[in-house]
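A short worksheet on the structure shown next.
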Amino acid sequence: RAAGLFVPVLCAGVPQDRLIADLFGHVPPGGDRSAPYRAGRIEMANHGSLFVADLEEAGRGSLERLANFLDTKKLPASDGGKNCRTISA
């Protein structure tokens, strides 16, 4: 993991829907292929470290999705699992 990326995420002051998209990525609605898929920070931190700061500021929906990811290590938009060390403060 030392060779992997260190990806920071700041939760304070970020609206819940934007935080979810930032963490988990954005899949275009309806399978629209003209709009690009945007990888989330969890996917960027694969084989590295994800640092989540001010986690207490995140909304309930964000916390539930993050807890589900930590339990399963799978992203909703991805087929495979993700292997990243998660650190929170």
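As shown in the structure tokens, the chain order sets the letters A, B, ...; within each chain, residues go from 1, and ligands are also counted from 1 in the order they appear.
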DSSP-assigned strand (DSSP E or B) members of chain A, reported as a list in words: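 Taking chain A and keeping strand (DSSP E or B) gives Phe6, Val7, Pro8, Val9, Leu10, His26, Arg38, Ser49, Leu50, Phe51, Val52, Ala53, Lys74, Gly81, Arg85, Thr86, Ile87 and Ser88 of chain A.
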Just write the chosen residues, N, CA, C and O atoms, as a PDB file, in the first residue's frame.
ATOM      1  N   PHE A   6      -2.505   8.037  -1.742  1.00  0.00           N
ATOM      2  CA  PHE A   6      -3.119   8.512  -0.503  1.00  0.00           C
ATOM      3  C   PHE A   6      -4.181   9.515  -0.942  1.00  0.00           C
ATOM      4  O   PHE A   6      -3.853  10.566  -1.494  1.00  0.00           O
ATOM      5  N   VAL A   7      -5.450   9.164  -0.752  1.00  0.00           N
ATOM      6  CA  VAL A   7      -6.545   9.983  -1.260  1.00  0.00           C
ATOM      7  C   VAL A   7      -7.323  10.589  -0.088  1.00  0.00           C
ATOM      8  O   VAL A   7      -7.990   9.871   0.651  1.00  0.00           O
ATOM      9  N   PRO A   8      -7.247  11.911   0.112  1.00  0.00           N
ATOM     10  CA  PRO A   8      -7.993  12.546   1.201  1.00  0.00           C
ATOM     11  C   PRO A   8      -9.407  12.945   0.768  1.00  0.00           C
ATOM     12  O   PRO A   8      -9.643  13.300  -0.384  1.00  0.00           O
ATOM     13  N   VAL A   9     -10.337  12.875   1.721  1.00  0.00           N
ATOM     14  CA  VAL A   9     -11.717  13.316   1.506  1.00  0.00           C
ATOM     15  C   VAL A   9     -12.107  14.168   2.706  1.00  0.00           C
ATOM     16  O   VAL A   9     -11.993  13.725   3.846  1.00  0.00           O
ATOM     17  N   LEU A  10     -12.572  15.385   2.463  1.00  0.00           N
ATOM     18  CA  LEU A  10     -13.015  16.279   3.530  1.00  0.00           C
ATOM     19  C   LEU A  10     -14.539  16.322   3.503  1.00  0.00           C
ATOM     20  O   LEU A  10     -15.133  16.730   2.508  1.00  0.00           O
ATOM     21  N   HIS A  26     -19.653   8.597 -10.151  1.00  0.00           N
ATOM     22  CA  HIS A  26     -20.912   9.009 -10.779  1.00  0.00           C
ATOM     23  C   HIS A  26     -21.129   8.189 -12.042  1.00  0.00           C
ATOM     24  O   HIS A  26     -20.298   8.189 -12.946  1.00  0.00           O
ATOM     25  N   ARG A  38     -17.449   8.882 -13.978  1.00  0.00           N
ATOM     26  CA  ARG A  38     -16.432   9.540 -13.155  1.00  0.00           C
ATOM     27  C   ARG A  38     -16.135   8.659 -11.955  1.00  0.00           C
ATOM     28  O   ARG A  38     -17.029   8.344 -11.176  1.00  0.00           O
ATOM     29  N   SER A  49      -4.492   4.247   0.266  1.00  0.00           N
ATOM     30  CA  SER A  49      -5.153   4.662   1.500  1.00  0.00           C
ATOM     31  C   SER A  49      -6.184   5.748   1.230  1.00  0.00           C
ATOM     32  O   SER A  49      -5.927   6.678   0.472  1.00  0.00           O
ATOM     33  N   LEU A  50      -7.333   5.619   1.867  1.00  0.00           N
ATOM     34  CA  LEU A  50      -8.400   6.614   1.802  1.00  0.00           C
ATOM     35  C   LEU A  50      -8.491   7.271   3.169  1.00  0.00           C
ATOM     36  O   LEU A  50      -8.723   6.593   4.174  1.00  0.00           O
ATOM     37  N   PHE A  51      -8.268   8.575   3.235  1.00  0.00           N
ATOM     38  CA  PHE A  51      -8.339   9.328   4.488  1.00  0.00           C
ATOM     39  C   PHE A  51      -9.619  10.155   4.470  1.00  0.00           C
ATOM     40  O   PHE A  51      -9.776  11.036   3.630  1.00  0.00           O
ATOM     41  N   VAL A  52     -10.540   9.860   5.394  1.00  0.00           N
ATOM     42  CA  VAL A  52     -11.816  10.557   5.468  1.00  0.00           C
ATOM     43  C   VAL A  52     -11.789  11.464   6.701  1.00  0.00           C
ATOM     44  O   VAL A  52     -11.778  10.984   7.830  1.00  0.00           O
ATOM     45  N   ALA A  53     -11.752  12.776   6.472  1.00  0.00           N
ATOM     46  CA  ALA A  53     -11.687  13.753   7.561  1.00  0.00           C
ATOM     47  C   ALA A  53     -13.077  14.315   7.855  1.00  0.00           C
ATOM     48  O   ALA A  53     -13.910  14.426   6.958  1.00  0.00           O
ATOM     49  N   LYS A  74     -17.187  -3.677  -1.664  1.00  0.00           N
ATOM     50  CA  LYS A  74     -17.672  -3.622  -3.041  1.00  0.00           C
ATOM     51  C   LYS A  74     -18.383  -2.304  -3.285  1.00  0.00           C
ATOM     52  O   LYS A  74     -19.134  -1.829  -2.448  1.00  0.00           O
ATOM     53  N   GLY A  81     -14.177  -6.091  -6.096  1.00  0.00           N
ATOM     54  CA  GLY A  81     -13.987  -5.447  -4.813  1.00  0.00           C
ATOM     55  C   GLY A  81     -12.849  -4.451  -4.867  1.00  0.00           C
ATOM     56  O   GLY A  81     -12.044  -4.438  -5.791  1.00  0.00           O
ATOM     57  N   ARG A  85      -6.929   0.816   2.370  1.00  0.00           N
ATOM     58  CA  ARG A  85      -6.929   1.065   3.815  1.00  0.00           C
ATOM     59  C   ARG A  85      -7.738   2.327   4.027  1.00  0.00           C
ATOM     60  O   ARG A  85      -7.528   3.341   3.347  1.00  0.00           O
ATOM     61  N   THR A  86      -8.665   2.289   4.984  1.00  0.00           N
ATOM     62  CA  THR A  86      -9.520   3.457   5.244  1.00  0.00           C
ATOM     63  C   THR A  86      -9.169   4.014   6.612  1.00  0.00           C
ATOM     64  O   THR A  86      -9.178   3.305   7.602  1.00  0.00           O
ATOM     65  N   ILE A  87      -8.863   5.310   6.638  1.00  0.00           N
ATOM     66  CA  ILE A  87      -8.498   6.008   7.873  1.00  0.00           C
ATOM     67  C   ILE A  87      -9.492   7.158   8.036  1.00  0.00           C
ATOM     68  O   ILE A  87      -9.798   7.865   7.082  1.00  0.00           O
ATOM     69  N   SER A  88     -10.003   7.340   9.244  1.00  0.00           N
ATOM     70  CA  SER A  88     -10.934   8.460   9.457  1.00  0.00           C
ATOM     71  C   SER A  88     -10.515   9.258  10.675  1.00  0.00           C
ATOM     72  O   SER A  88      -9.871   8.754  11.590  1.00  0.00           O
TER      73      SER A  88
END
Every residue of chain A that DSSP places in alpha helix (DSSP H), as a list of chain:residue names: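 Restricting chain A to alpha helix (DSSP H) produces A:Gln16, A:Asp17, A:Arg18, A:Leu19, A:Ile20, A:Ala21, A:Asp22, A:Leu23, A:Phe24, A:Arg41, A:Ile42, A:Glu43, A:Met44, A:Arg60, A:Gly61, A:Ser62, A:Leu63, A:Glu64, A:Arg65, A:Leu66, A:Ala67, A:Asn68, A:Phe69, A:Leu70, A:Asp71, A:Thr72.
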Minimum-distance residue to Cys11 of chain A, chosen among A:Ala39, A:Leu75, A:Leu70, A:Leu23 (using only C-alpha atoms):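 That would be A:Leu23, the residue with the smallest distance to Cys11 of chain A.
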Interatomic distance (Å, one decimal) between atom CA of Glu57 of chain A and atom CA of Pro29 of chain A: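 These two atoms are separated by 27.5 Å.
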Gap from atom CA of Ala2 of chain A to atom CA of Asn46 of chain A - Å, one decimal: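 Value for the atom CA of Ala2 of chain A-atom CA of Asn46 of chain A distance: 11.7 Å.
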